[in-house]
$ cat coords-v1.csv   # CSV, C-alpha atoms
chain,number,residue,atom,x,y,z
A,207,MET,CA,-80.9,-189.5,-186.4
A,208,ILE,CA,-81.7,-187.6,-189.5
A,209,ARG,CA,-79.0,-184.9,-189.1
A,210,ASP,CA,-76.3,-186.3,-191.4
A,211,ALA,CA,-78.6,-186.8,-194.4
A,212,LYS,CA,-79.9,-183.3,-194.0
A,213,LEU,CA,-76.5,-181.7,-193.7
A,214,TRP,CA,-75.1,-183.6,-196.6
A,215,THR,CA,-78.1,-182.7,-198.8
A,216,TRP,CA,-77.7,-179.0,-198.0
A,217,HIS,CA,-73.9,-179.4,-198.6
A,218,VAL,CA,-74.6,-180.6,-202.2
A,219,LEU,CA,-77.3,-178.0,-202.8
A,220,ALA,CA,-75.0,-175.3,-201.6
A,221,GLY,CA,-72.3,-176.6,-204.0
A,222,ILE,CA,-74.8,-176.2,-206.9
A,223,VAL,CA,-75.6,-172.6,-205.8
A,224,ILE,CA,-71.9,-171.8,-205.7
A,225,LEU,CA,-71.5,-173.3,-209.2
A,226,VAL,CA,-74.3,-171.2,-210.6
A,227,PHE,CA,-73.0,-168.0,-209.0
A,228,LEU,CA,-69.4,-168.8,-210.0
A,229,ALA,CA,-70.7,-169.0,-213.6
A,230,LEU,CA,-72.4,-165.7,-213.1
A,231,HIS,CA,-69.3,-164.2,-211.7
A,232,MET,CA,-67.2,-165.4,-214.6
A,233,ALA,CA,-69.7,-164.1,-217.1
A,234,ILE,CA,-69.9,-160.6,-215.5
A,235,MET,CA,-66.3,-160.1,-214.4
A,236,HIS,CA,-64.3,-162.0,-217.0
A,237,LEU,CA,-66.3,-162.8,-220.2
A,238,ASP,CA,-68.3,-159.6,-220.4
A,239,VAL,CA,-65.3,-157.8,-222.0
A,240,LEU,CA,-66.0,-160.0,-225.0
A,241,LEU,CA,-69.8,-160.5,-224.5
A,242,GLY,CA,-70.9,-157.0,-223.5
A,243,TRP,CA,-74.1,-158.3,-221.9
A,244,PHE,CA,-73.9,-157.0,-218.4
A,245,ASN,CA,-71.8,-153.8,-218.5
A,246,ALA,CA,-71.9,-150.7,-220.8
A,247,PRO,CA,-70.2,-151.3,-224.1
A,248,GLY,CA,-66.5,-150.3,-224.1
A,249,THR,CA,-66.2,-150.3,-220.4
A,250,HIS,CA,-64.5,-152.7,-218.0
A,251,PRO,CA,-66.4,-154.6,-215.3
A,252,ILE,CA,-64.3,-153.0,-212.5
A,253,ASP,CA,-64.7,-149.4,-213.8
A,254,TRP,CA,-66.1,-147.2,-211.0
A,255,ALA,CA,-69.4,-146.6,-212.7
A,256,ASN,CA,-70.0,-150.4,-213.2
A,257,VAL,CA,-69.0,-151.2,-209.6
A,258,VAL,CA,-71.4,-148.5,-208.3
A,259,ALA,CA,-74.2,-149.8,-210.6
A,260,ARG,CA,-73.8,-153.3,-209.2
A,261,GLY,CA,-73.7,-151.9,-205.7
A,262,LYS,CA,-77.0,-150.1,-206.2
A,263,SER,CA,-78.7,-153.3,-207.6
A,264,VAL,CA,-80.8,-155.2,-205.1
A,265,PHE,CA,-80.3,-158.3,-207.2
A,266,PHE,CA,-76.5,-158.2,-206.8
A,267,THR,CA,-76.8,-157.4,-203.1
A,268,VAL,CA,-79.0,-160.5,-202.6
A,269,THR,CA,-76.7,-162.7,-204.7
A,270,TYR,CA,-73.7,-161.6,-202.6
A,271,ILE,CA,-75.6,-162.7,-199.4
A,272,VAL,CA,-76.8,-166.0,-200.8
A,273,LEU,CA,-73.4,-166.8,-202.2
A,274,LEU,CA,-71.8,-165.9,-198.9
A,275,GLY,CA,-74.2,-168.2,-197.0
A,276,ALA,CA,-73.8,-171.1,-199.5
A,277,ALA,CA,-70.0,-170.8,-199.6
A,278,LEU,CA,-69.7,-170.6,-195.8
A,279,PHE,CA,-72.0,-173.6,-195.3
A,280,HIS,CA,-70.3,-175.7,-198.0
A,281,GLY,CA,-66.8,-174.8,-196.9
A,282,LEU,CA,-67.3,-175.2,-193.1
A,283,TYR,CA,-69.3,-178.4,-193.5
A,284,GLY,CA,-66.4,-179.8,-195.6
A,285,LEU,CA,-63.9,-178.6,-193.0
A,286,ARG,CA,-66.0,-180.3,-190.3
A,287,ASN,CA,-65.9,-183.6,-192.3
A,288,ILE,CA,-62.1,-183.4,-192.6
A,289,LEU,CA,-61.7,-182.7,-188.9
A,290,LEU,CA,-64.1,-185.5,-187.9
A,291,GLU,CA,-62.0,-187.9,-189.9
A,292,LEU,CA,-59.2,-187.4,-187.4
A,293,ASN,CA,-61.5,-189.3,-185.1
A,294,PRO,CA,-61.6,-186.9,-182.1
A,295,PRO,CA,-63.4,-187.9,-178.9
A,296,ALA,CA,-67.2,-187.3,-178.8
A,297,TRP,CA,-66.9,-184.1,-176.8
A,298,LEU,CA,-64.4,-182.6,-179.3
A,299,LYS,CA,-66.7,-183.6,-182.2
A,300,ARG,CA,-69.5,-181.6,-180.6
A,301,ALA,CA,-67.2,-178.7,-179.8
A,302,THR,CA,-65.9,-178.7,-183.4
A,303,GLY,CA,-69.5,-178.5,-184.7
A,304,VAL,CA,-70.4,-175.7,-182.3
A,305,ILE,CA,-67.2,-173.7,-183.0
A,306,LEU,CA,-67.7,-174.0,-186.8
A,307,LEU,CA,-71.4,-173.1,-186.5
A,308,LEU,CA,-70.5,-169.9,-184.4
A,309,ALA,CA,-67.7,-169.0,-186.8
A,310,GLY,CA,-70.0,-169.4,-189.8
A,311,LEU,CA,-72.7,-167.3,-188.2
A,312,GLY,CA,-70.2,-164.6,-187.3
A,313,PHE,CA,-68.8,-164.5,-190.9
A,314,PHE,CA,-72.3,-164.5,-192.3
A,315,ILE,CA,-73.4,-161.6,-190.2
A,316,LEU,CA,-70.2,-159.6,-190.9
A,317,GLY,CA,-70.5,-160.3,-194.7
A,318,THR,CA,-74.2,-159.5,-194.8
A,319,TRP,CA,-73.5,-156.2,-193.0
A,320,VAL,CA,-70.7,-155.4,-195.6
A,321,ALA,CA,-73.1,-156.2,-198.5
A,322,VAL,CA,-75.9,-154.1,-197.1
A,323,ALA,CA,-73.6,-151.2,-196.2
A,324,SER,CA,-72.0,-151.2,-199.7
A,325,HIS,CA,-75.6,-151.2,-201.2
A,326,THR,CA,-76.5,-148.2,-199.0
A,327,LEU,CA,-73.2,-146.4,-199.8
A,328,ALA,CA,-73.6,-147.0,-203.5
A,329,GLY,CA,-77.2,-145.6,-203.3
A,330,SER,CA,-75.8,-142.4,-201.8
A,331,VAL,CA,-73.3,-141.9,-204.6
B,209,MET,CA,-36.7,-217.6,-216.0
B,210,THR,CA,-36.0,-220.4,-213.6
B,211,ALA,CA,-38.8,-222.3,-212.1
B,212,MET,CA,-39.5,-221.4,-208.4
B,213,LYS,CA,-38.7,-224.3,-206.1
B,214,GLU,CA,-39.4,-222.7,-202.7
B,215,VAL,CA,-41.5,-219.8,-201.5
B,216,THR,CA,-40.9,-217.7,-198.4
B,217,TYR,CA,-43.9,-216.9,-196.2
B,218,ARG,CA,-43.6,-213.8,-194.1
B,219,LEU,CA,-46.5,-214.2,-191.6
B,220,ARG,CA,-47.8,-211.7,-189.1
B,221,ARG,CA,-48.1,-213.7,-185.9
B,222,PHE,CA,-49.8,-212.8,-182.7
B,223,ASP,CA,-50.9,-214.9,-179.7
B,224,PRO,CA,-52.6,-212.7,-177.1
B,225,ALA,CA,-51.7,-215.2,-174.4
B,226,HIS,CA,-47.9,-214.7,-175.0
B,227,ASP,CA,-47.3,-211.7,-177.2
B,228,GLU,CA,-47.7,-208.0,-176.4
B,229,ALA,CA,-47.8,-207.0,-180.0
B,230,PRO,CA,-47.9,-208.7,-183.4
B,231,HIS,CA,-44.6,-209.6,-185.1
B,232,TRP,CA,-43.4,-211.1,-188.4
B,233,GLU,CA,-42.0,-214.6,-188.8
B,234,GLU,CA,-40.6,-216.2,-191.9
B,235,TYR,CA,-41.0,-219.8,-193.1
B,236,ARG,CA,-39.8,-221.5,-196.3
B,237,VAL,CA,-42.0,-224.1,-197.9
B,238,PRO,CA,-41.7,-226.1,-201.2
B,239,PHE,CA,-43.5,-224.5,-204.1
B,240,THR,CA,-45.7,-226.6,-206.5
B,241,GLU,CA,-47.4,-225.4,-209.6
B,242,GLY,CA,-50.9,-224.2,-209.1
B,243,MET,CA,-50.3,-223.5,-205.4
B,244,THR,CA,-52.5,-220.9,-203.8
B,245,VAL,CA,-51.6,-218.7,-200.8
B,246,LEU,CA,-54.0,-220.9,-198.7
B,247,ASP,CA,-52.2,-224.1,-199.8
B,248,GLY,CA,-48.9,-222.5,-198.7
B,249,LEU,CA,-50.4,-221.7,-195.3
B,250,TRP,CA,-51.4,-225.3,-194.8
B,251,LYS,CA,-47.7,-226.3,-195.8
B,252,VAL,CA,-46.4,-223.8,-193.2
B,253,LYS,CA,-48.7,-225.3,-190.6
B,254,GLU,CA,-47.7,-228.9,-191.5
B,255,LEU,CA,-43.9,-228.3,-191.7
B,256,HIS,CA,-43.1,-225.4,-189.3
B,257,ALA,CA,-45.8,-223.8,-187.2
B,258,PRO,CA,-48.6,-226.2,-186.1
B,259,GLY,CA,-50.1,-223.4,-183.9
B,260,LEU,CA,-50.6,-221.0,-186.8
B,261,ALA,CA,-54.3,-219.8,-186.9
B,262,TRP,CA,-56.4,-218.5,-189.8
B,263,ARG,CA,-59.9,-219.0,-191.1
B,264,SER,CA,-60.7,-220.9,-194.2
B,265,SER,CA,-63.4,-223.3,-195.4
B,266,CYS,CA,-64.5,-223.8,-199.0
B,267,ARG,CA,-61.2,-223.4,-200.8
B,268,MET,CA,-63.0,-222.1,-203.9
B,269,GLY,CA,-63.7,-218.3,-203.3
B,270,VAL,CA,-67.3,-218.8,-202.1
B,271,CYS,CA,-67.4,-218.8,-198.3
B,272,GLY,CA,-65.5,-215.6,-197.7
B,273,SER,CA,-63.6,-217.0,-194.7
B,274,CYS,CA,-60.0,-216.6,-195.9
B,275,GLY,CA,-59.9,-212.8,-196.5
B,276,MET,CA,-56.4,-211.6,-195.5
B,277,MET,CA,-53.7,-209.1,-196.5
B,278,ILE,CA,-51.6,-210.7,-199.2
B,279,ASN,CA,-48.5,-208.7,-200.1
B,280,GLY,CA,-50.2,-205.6,-198.8
B,281,LYS,CA,-53.5,-206.0,-200.6
B,282,PRO,CA,-56.7,-207.5,-199.2
B,283,GLY,CA,-57.8,-210.7,-201.0
B,284,LEU,CA,-58.9,-214.3,-200.6
B,285,ALA,CA,-56.0,-216.7,-199.8
B,286,CYS,CA,-57.8,-219.6,-201.6
B,287,ASN,CA,-58.3,-217.5,-204.7
B,288,THR,CA,-54.7,-216.1,-205.0
B,289,GLN,CA,-52.1,-218.0,-207.0
B,290,ILE,CA,-48.6,-217.6,-205.6
B,291,SER,CA,-47.3,-217.5,-209.1
B,292,GLU,CA,-49.4,-214.4,-209.8
B,293,LEU,CA,-47.8,-212.4,-207.0
B,294,GLY,CA,-44.6,-211.8,-209.0
B,295,GLY,CA,-42.0,-213.0,-206.5
B,296,SER,CA,-41.0,-215.8,-204.2
B,297,VAL,CA,-42.0,-213.9,-201.0
B,298,VAL,CA,-45.5,-214.0,-199.8
B,299,ALA,CA,-46.3,-211.6,-196.9
B,300,VAL,CA,-49.6,-212.5,-195.2
B,301,ALA,CA,-51.2,-210.4,-192.4
B,302,PRO,CA,-54.7,-210.3,-190.9
B,303,LEU,CA,-57.2,-207.9,-192.5
B,304,PRO,CA,-56.5,-204.4,-191.0
B,305,ASN,CA,-59.2,-202.2,-189.5
B,306,PHE,CA,-60.2,-205.1,-187.2
B,307,ALA,CA,-58.9,-206.3,-183.9
B,308,ILE,CA,-56.8,-209.4,-184.1
B,309,ILE,CA,-58.0,-212.5,-182.4
B,310,ARG,CA,-54.9,-214.5,-183.1
B,311,ASP,CA,-52.3,-214.7,-186.0
B,312,LEU,CA,-54.3,-214.2,-189.2
B,313,VAL,CA,-57.8,-214.2,-187.6
B,314,PRO,CA,-59.4,-210.8,-187.5
B,315,ASP,CA,-62.4,-210.1,-185.2
B,316,LEU,CA,-65.2,-209.5,-187.8
B,317,GLY,CA,-67.8,-209.0,-185.1
B,318,PRO,CA,-68.2,-205.2,-185.6
B,319,MET,CA,-68.7,-205.7,-189.3
B,320,PHE,CA,-71.5,-208.2,-188.8
B,321,ASP,CA,-73.0,-206.0,-186.1
B,322,ALA,CA,-73.2,-203.1,-188.6
B,323,HIS,CA,-74.5,-205.6,-191.2
B,324,ARG,CA,-77.3,-206.7,-188.9
B,325,ALA,CA,-78.3,-203.2,-187.9
B,326,LEU,CA,-79.0,-202.3,-191.6
B,327,LEU,CA,-81.6,-205.1,-191.9
B,328,PRO,CA,-80.1,-207.1,-194.8
B,329,TYR,CA,-83.1,-209.2,-195.7
B,330,LEU,CA,-86.5,-208.7,-197.4
B,331,LEU,CA,-88.9,-206.6,-195.4
B,332,ARG,CA,-92.6,-207.0,-196.3
B,333,ASP,CA,-95.9,-206.6,-194.6
B,334,ASP,CA,-97.3,-210.0,-195.8
B,335,THR,CA,-95.9,-212.1,-193.0
B,336,GLU,CA,-98.4,-214.9,-193.6
B,337,GLU,CA,-97.4,-215.2,-197.3
B,338,GLN,CA,-93.7,-215.3,-196.3
B,339,GLU,CA,-94.3,-218.0,-193.7
B,340,ARG,CA,-96.6,-220.2,-195.8
B,341,PRO,CA,-96.0,-219.2,-199.5
B,342,THR,CA,-98.8,-219.7,-201.9
B,343,ALA,CA,-97.1,-218.1,-204.9
B,344,GLU,CA,-93.9,-216.3,-206.0
B,345,TYR,CA,-92.9,-212.7,-205.8
B,346,TRP,CA,-92.8,-211.4,-209.3
B,347,GLN,CA,-89.7,-209.8,-210.6
B,348,SER,CA,-88.6,-208.8,-214.1
B,349,PRO,CA,-85.1,-209.5,-215.4
B,350,GLU,CA,-84.5,-205.7,-215.5
B,351,GLU,CA,-85.4,-205.4,-211.8
B,352,LEU,CA,-83.0,-208.2,-211.1
B,353,GLU,CA,-80.2,-206.3,-212.7
B,354,HIS,CA,-80.7,-203.4,-210.2
B,355,TYR,CA,-79.2,-205.5,-207.4
B,356,LEU,CA,-77.7,-208.7,-208.9
B,357,GLN,CA,-74.0,-207.8,-208.7
B,358,PHE,CA,-74.4,-206.6,-205.1
B,359,SER,CA,-75.8,-210.0,-204.2
B,360,TYR,CA,-72.5,-211.7,-205.2
B,361,CYS,CA,-70.9,-210.4,-201.9
B,362,ILE,CA,-69.5,-213.1,-199.7
B,363,LYS,CA,-68.9,-210.9,-196.6
B,364,CYS,CA,-65.2,-211.6,-196.6
B,365,GLY,CA,-64.3,-208.2,-195.2
B,366,CYS,CA,-61.8,-207.3,-197.9
B,367,CYS,CA,-63.7,-204.1,-198.8
B,368,MET,CA,-63.7,-203.1,-195.1
B,369,ALA,CA,-60.0,-203.6,-194.9
B,370,GLY,CA,-59.4,-201.4,-197.9
B,371,CYS,CA,-61.7,-198.6,-196.9
B,372,PRO,CA,-59.8,-195.5,-195.7
B,373,THR,CA,-62.9,-194.1,-194.0
B,374,TYR,CA,-63.6,-197.2,-192.0
B,375,ALA,CA,-60.0,-197.2,-191.0
B,376,THR,CA,-60.4,-193.9,-189.1
B,377,ASP,CA,-64.1,-193.7,-188.3
B,378,PRO,CA,-65.4,-196.5,-186.0
B,379,VAL,CA,-69.0,-195.2,-186.3
B,380,TYR,CA,-69.1,-195.5,-190.1
B,381,SER,CA,-70.9,-198.8,-191.1
B,382,GLY,CA,-68.4,-199.5,-193.9
B,383,PRO,CA,-68.8,-200.7,-197.5
B,384,MET,CA,-70.1,-204.2,-197.0
B,385,PRO,CA,-73.0,-203.4,-194.7
B,386,LEU,CA,-74.0,-200.4,-196.7
B,387,THR,CA,-73.8,-202.3,-200.0
B,388,GLN,CA,-75.9,-205.1,-198.6
B,389,SER,CA,-78.4,-202.6,-197.3
B,390,HIS,CA,-78.6,-201.1,-200.9
B,391,ARG,CA,-78.9,-204.6,-202.3
B,392,TYR,CA,-82.3,-205.0,-200.5
B,393,ASN,CA,-83.4,-201.4,-201.0
B,394,ALA,CA,-82.9,-202.0,-204.8
B,395,ASP,CA,-84.9,-205.2,-204.7
B,396,GLY,CA,-88.3,-204.9,-206.3
B,397,ARG,CA,-89.7,-207.4,-203.8
B,398,ASP,CA,-88.6,-205.4,-200.8
B,399,GLY,CA,-90.5,-202.8,-198.9
B,400,GLY,CA,-88.0,-202.0,-196.2
B,401,PHE,CA,-86.5,-198.7,-197.3
B,402,ALA,CA,-88.3,-196.7,-194.6
B,403,ALA,CA,-87.0,-199.0,-191.9
B,404,ARG,CA,-83.4,-199.0,-193.1
B,405,LYS,CA,-83.5,-195.2,-193.6
B,406,VAL,CA,-83.7,-194.7,-189.9
B,407,VAL,CA,-80.1,-195.9,-189.6
B,408,LEU,CA,-78.9,-194.7,-193.0
B,409,PHE,CA,-79.9,-191.1,-192.4
B,410,GLY,CA,-77.6,-190.9,-189.4
B,411,GLU,CA,-73.9,-191.0,-188.9
B,412,ARG,CA,-73.8,-194.8,-189.6
B,413,GLY,CA,-75.0,-194.1,-193.1
B,414,PRO,CA,-73.0,-193.5,-196.3
B,415,TRP,CA,-72.2,-189.8,-195.6
B,416,ARG,CA,-68.6,-190.2,-194.6
B,417,CYS,CA,-67.7,-192.1,-197.8
B,418,HIS,CA,-65.6,-189.9,-200.0
B,419,TYR,CA,-65.4,-192.3,-202.9
B,420,ALA,CA,-61.8,-193.5,-202.6
B,421,GLY,CA,-63.1,-196.6,-204.5
B,422,GLU,CA,-60.7,-199.0,-202.8
B,423,CYS,CA,-63.5,-201.2,-201.7
B,424,SER,CA,-64.4,-201.9,-205.4
B,425,ARG,CA,-60.8,-202.4,-206.4
B,426,VAL,CA,-60.1,-205.1,-203.8
B,427,CYS,CA,-63.4,-207.0,-203.9
B,428,PRO,CA,-62.5,-210.6,-204.9
B,429,LYS,CA,-66.0,-211.1,-206.3
B,430,GLY,CA,-66.2,-208.1,-208.6
B,431,VAL,CA,-68.8,-206.3,-206.5
B,432,ASP,CA,-68.8,-202.5,-206.8
B,433,PRO,CA,-69.6,-201.3,-203.2
B,434,ALA,CA,-68.5,-197.7,-204.1
B,435,LYS,CA,-71.2,-197.6,-206.8
B,436,ALA,CA,-73.8,-199.0,-204.3
B,437,ILE,CA,-72.9,-196.3,-201.8
B,438,GLN,CA,-73.2,-193.5,-204.3
B,439,ILE,CA,-76.6,-194.8,-205.5
B,440,MET,CA,-77.7,-195.1,-201.9
B,441,LYS,CA,-76.7,-191.4,-201.2
B,442,ARG,CA,-78.8,-190.3,-204.2
B,443,GLU,CA,-81.8,-192.3,-203.0
B,444,LEU,CA,-81.5,-191.0,-199.5
B,445,VAL,CA,-81.1,-187.4,-200.7
B,446,PHE,CA,-84.1,-187.7,-203.0
B,447,SER,CA,-86.0,-189.3,-200.1
B,448,TYR,CA,-85.2,-186.3,-197.8
B,449,LEU,CA,-86.3,-183.9,-200.5
B,450,ARG,CA,-89.4,-186.0,-201.0
B,451,LEU,CA,-88.5,-186.6,-204.7
B,452,ARG,CA,-88.0,-190.3,-204.3
B,453,LYS,CA,-90.6,-192.4,-206.2
B,454,GLN,CA,-92.5,-194.5,-203.7
B,455,LYS,CA,-92.5,-198.1,-204.7
B,456,CYS,CA,-94.7,-201.0,-203.5
B,457,PRO,CA,-93.0,-204.3,-203.1
B,458,SER,CA,-94.1,-206.7,-205.9
B,459,ALA,CA,-97.1,-208.8,-205.1
B,460,ALA,CA,-97.1,-212.6,-204.8
B,461,THR,CA,-98.1,-213.9,-208.2
B,462,LYS,CA,-99.8,-217.2,-208.7
B,463,ARG,CA,-98.8,-219.5,-211.5
B,464,LEU,CA,-100.9,-218.9,-214.6
B,465,GLU,CA,-103.7,-221.3,-215.3
B,466,GLY,CA,-103.2,-223.6,-218.2
B,467,VAL,CA,-99.5,-222.9,-218.5
B,468,GLY,CA,-97.4,-226.0,-218.0
B,469,ARG,CA,-93.8,-226.6,-217.4
B,470,ARG,CA,-91.6,-226.5,-220.6
B,471,GLU,CA,-90.4,-229.9,-221.8
B,472,GLY,CA,-87.0,-231.0,-220.8
B,473,ILE,CA,-86.7,-229.2,-217.5
B,474,PRO,CA,-86.3,-231.8,-214.7
B,475,GLU,CA,-88.4,-231.6,-211.6
B,476,ALA,CA,-86.8,-230.3,-208.4
B,477,PRO,CA,-85.8,-233.1,-206.0
B,478,VAL,CA,-88.3,-234.0,-203.3
B,479,ARG,CA,-88.0,-231.8,-200.2
B,480,THR,CA,-86.3,-233.6,-197.3
B,481,VAL,CA,-87.0,-231.1,-194.5
$ encode --input "coords-v1.csv" --output "structure tokens"
Amino acid sequence: MIRDAKLWTWHVLAGIVILVFLALHMAIMHLDVLLGWFNAPGTHPIDWANVVARGKSVFFTVTYIVLLGAALFHGLYGLRNILLELNPPAWLKRATGVILLLAGLGFFILGTWVAVASHTLAGSV
Amino acid sequence: MTAMKEVTYRLRRFDPAHDEAPHWEEYRVPFTEGMTVLDGLWKVKELHAPGLAWRSSCRMGVCGSCGMMINGKPGLACNTQISELGGSVVAVAPLPNFAIIRDLVPDLGPMFDAHRALLPYLLRDDTEEQERPTAEYWQSPEELEHYLQFSYCIKCGCCMAGCPTYATDPVYSGPMPLTQSHRYNADGRDGGFAARKVVLFGERGPWRCHYAGECSRVCPKGVDPAKAIQIMKRELVFSYLRLRKQKCPSAATKRLEGVGRREGIPEAPVRTV
């Protein structure tokens, strides 16, 4: 059975993706007041104009969706590992996997819809 | 500090023919300098409890038979001095995470089943050379270092008793079988990674280990199973991503022509079998 090796590998890769986007988030939202690389000089990252500018950007919309997918997979796989350590019976193990998979897919669809809707909304401003 | 004259043994006793559950019993035995926990068990058996059961054999930390919980920590009874325990009470129980056969005897069968399933021996295609060797498999001192410390394992089960994951997950192979699987994967003479991978990629592989490190802390031989398991994870992930460097097992190398034995090295004794 190859499943565990696959899942664990993607768990680690998702963790790396989260780290990269976390660094990007810190740079844009917290350090840019000092750096001035991503936002207009003299403005704050959460000023209306900067928020709308990021909303219009395809790059940011894609990063929101990728980060959402990586964070959901990483977090829910970790939660599954914790739950499986409680040593449930085989049927409950399978049920746990299915429930977490459905929850992850649901949150991903909802989050993707929000990211795309905000991109569309920002485009109309 | 006054010299200790007696030591109290608190022993976990269980006889499946008479007891419903394990219970503790106490015995007092005379203490002598240099006495090990195993020596004390023999004294208890001689003076108080002739029916007391445990496993032991070599008395020198080599065979791995006498692994047991000593004052709450897994260790070898023959390799533990009573004077080093810091008190006059020695609590001895069978290794946890295994069923108890009787008294201090755990059922190590599941550990050896997992060990066997991970193919802990050299796997090569040249069966004829292995059956009737004509030369030696070449290995450099650097290649030896890749697995040497893992080969010191005596299969005592102490790491399995200390592992919190093995305690809760009966499917997880545990530190000893996984370390021994890595010992052969890391051997330059071995070509069995693909065969072991079939088991290691699944739920019996190293994926449930979350690096508590207790296996390495309690190992009486100084083996570092936690390290072996982390290296194994890396190798398996690289293999899944097709980034692992394929290696061929080292070839059988004939002795060089014209190179003699160095002076002063005695010949091996004549084979008797």
$ atom_distance --input "coords-v1.csv" --atom1 "CA of Val272 (chain A)" --atom2 "CA of Gly329 (chain A)"
20.6 Å
$ residues_around --input "coords-v1.csv" --residues "Val445 (chain B)" --least-positions-apart "5" --cutoff "10 Å" --atoms "all atoms listed in the file" --output "PDB file with C-alpha atoms, keeping the file's coordinate frame"
ATOM      1  CA  ALA A 211     -78.600-186.800-194.400  1.00  0.00           C
ATOM      2  CA  LYS A 212     -79.900-183.300-194.000  1.00  0.00           C
ATOM      3  CA  TRP A 214     -75.100-183.600-196.600  1.00  0.00           C
ATOM      4  CA  THR A 215     -78.100-182.700-198.800  1.00  0.00           C
ATOM      5  CA  TRP A 216     -77.700-179.000-198.000  1.00  0.00           C
ATOM      6  CA  VAL A 218     -74.600-180.600-202.200  1.00  0.00           C
TER       7      VAL A 218
ATOM      8  CA  PHE B 409     -79.900-191.100-192.400  1.00  0.00           C
ATOM      9  CA  ILE B 439     -76.600-194.800-205.500  1.00  0.00           C
ATOM     10  CA  MET B 440     -77.700-195.100-201.900  1.00  0.00           C
ATOM     11  CA  ARG B 450     -89.400-186.000-201.000  1.00  0.00           C
ATOM     12  CA  LEU B 451     -88.500-186.600-204.700  1.00  0.00           C
ATOM     13  CA  ARG B 452     -88.000-190.300-204.300  1.00  0.00           C
TER      14      ARG B 452
END
$ interface_residues --input "coords-v1.csv" --of "chain B" --to "chain A" --cutoff "7 Å" --atoms "only C-alpha atoms" --output "list in words"
Thr376, Asp377, Val406, Phe409, Gly410, Glu411, Trp415 and Val445 of chain B
$ closest_residue --input "coords-v1.csv" --among "A:Ala328, A:Leu289, A:Leu278, A:Leu225" --to "Ala255 (chain A)" --atoms "only C-alpha atoms"
A:Ala328
$ closest_residue --input "coords-v1.csv" --among "A:Leu274, A:Leu298, A:Val331, A:Ile305" --to "Trp319 (chain A)" --atoms "only C-alpha atoms"
A:Leu274
$ closest_residue --input "coords-v1.csv" --among "B:Glu350, B:Met212, B:Arg221, B:Arg263" --to "Phe239 (chain B)" --atoms "only C-alpha atoms"
B:Met212
$ residues_around --input "coords-v1.csv" --residues "Asp238 (chain A)" --least-positions-apart "3" --cutoff "12 Å" --atoms "only C-alpha atoms" --output "PDB file with C-alpha atoms, in the frame of the given file"
ATOM      1  CA  ALA A 229     -70.700-169.000-213.600  1.00  0.00           C
ATOM      2  CA  LEU A 230     -72.400-165.700-213.100  1.00  0.00           C
ATOM      3  CA  HIS A 231     -69.300-164.200-211.700  1.00  0.00           C
ATOM      4  CA  MET A 232     -67.200-165.400-214.600  1.00  0.00           C
ATOM      5  CA  ALA A 233     -69.700-164.100-217.100  1.00  0.00           C
ATOM      6  CA  ILE A 234     -69.900-160.600-215.500  1.00  0.00           C
ATOM      7  CA  MET A 235     -66.300-160.100-214.400  1.00  0.00           C
ATOM      8  CA  LEU A 241     -69.800-160.500-224.500  1.00  0.00           C
ATOM      9  CA  GLY A 242     -70.900-157.000-223.500  1.00  0.00           C
ATOM     10  CA  TRP A 243     -74.100-158.300-221.900  1.00  0.00           C
ATOM     11  CA  PHE A 244     -73.900-157.000-218.400  1.00  0.00           C
ATOM     12  CA  ASN A 245     -71.800-153.800-218.500  1.00  0.00           C
ATOM     13  CA  ALA A 246     -71.900-150.700-220.800  1.00  0.00           C
ATOM     14  CA  PRO A 247     -70.200-151.300-224.100  1.00  0.00           C
ATOM     15  CA  GLY A 248     -66.500-150.300-224.100  1.00  0.00           C
ATOM     16  CA  THR A 249     -66.200-150.300-220.400  1.00  0.00           C
ATOM     17  CA  HIS A 250     -64.500-152.700-218.000  1.00  0.00           C
ATOM     18  CA  PRO A 251     -66.400-154.600-215.300  1.00  0.00           C
ATOM     19  CA  ILE A 252     -64.300-153.000-212.500  1.00  0.00           C
ATOM     20  CA  ASN A 256     -70.000-150.400-213.200  1.00  0.00           C
TER      21      ASN A 256
END
$ closest_residue --input "coords-v1.csv" --among "B:Ala225, B:Val215, B:Cys371, B:Cys266" --to "Phe306 (chain B)" --atoms "only C-alpha atoms"
B:Cys371
$ residues_around --input "coords-v1.csv" --residues "Cys423 (chain B)" --least-positions-apart "6" --cutoff "7 Å" --atoms "all atoms listed in the file" --output "PDB file with C-alpha atoms, in the frame of the given file"
ATOM      1  CA  CYS B 367     -63.700-204.100-198.800  1.00  0.00           C
ATOM      2  CA  MET B 368     -63.700-203.100-195.100  1.00  0.00           C
ATOM      3  CA  GLY B 370     -59.400-201.400-197.900  1.00  0.00           C
ATOM      4  CA  CYS B 371     -61.700-198.600-196.900  1.00  0.00           C
ATOM      5  CA  PRO B 383     -68.800-200.700-197.500  1.00  0.00           C
ATOM      6  CA  PRO B 433     -69.600-201.300-203.200  1.00  0.00           C
ATOM      7  CA  ALA B 434     -68.500-197.700-204.100  1.00  0.00           C
TER       8      ALA B 434
END
$ residues_near_point --input "coords-v1.csv" --point "(-53.1, -211.2, -182.0)" --cutoff "12 Å" --atoms "all atoms listed in the file" --output "VMD selection string"
chain B and resid 220 to 232 260 to 262 301 to 304 306 to 315
$ residues_near_point --input "coords-v1.csv" --point "(-49.7, -209.3, -195.5)" --cutoff "8 Å" --atoms "all atoms listed in the file" --output "PyMOL selection string"
chain B and resi 218-220+276-281+298-302
$ decode --input "coords-v1.csv" --residues "region 243-248 of chain B" --atoms "C-alpha atoms" --output "mmCIF file, in the first residue's frame"
data_model
loop_
_atom_site.group_PDB
_atom_site.id
_atom_site.type_symbol
_atom_site.label_atom_id
_atom_site.label_comp_id
_atom_site.auth_asym_id
_atom_site.auth_seq_id
_atom_site.Cartn_x
_atom_site.Cartn_y
_atom_site.Cartn_z
ATOM 1 C CA MET B 243 25.061 -6.639 42.187
ATOM 2 C CA THR B 244 22.989 -6.202 39.059
ATOM 3 C CA VAL B 245 19.197 -6.222 38.824
ATOM 4 C CA LEU B 246 19.473 -9.676 37.249
ATOM 5 C CA ASP B 247 21.613 -10.954 40.158
ATOM 6 C CA GLY B 248 18.883 -9.733 42.505
#
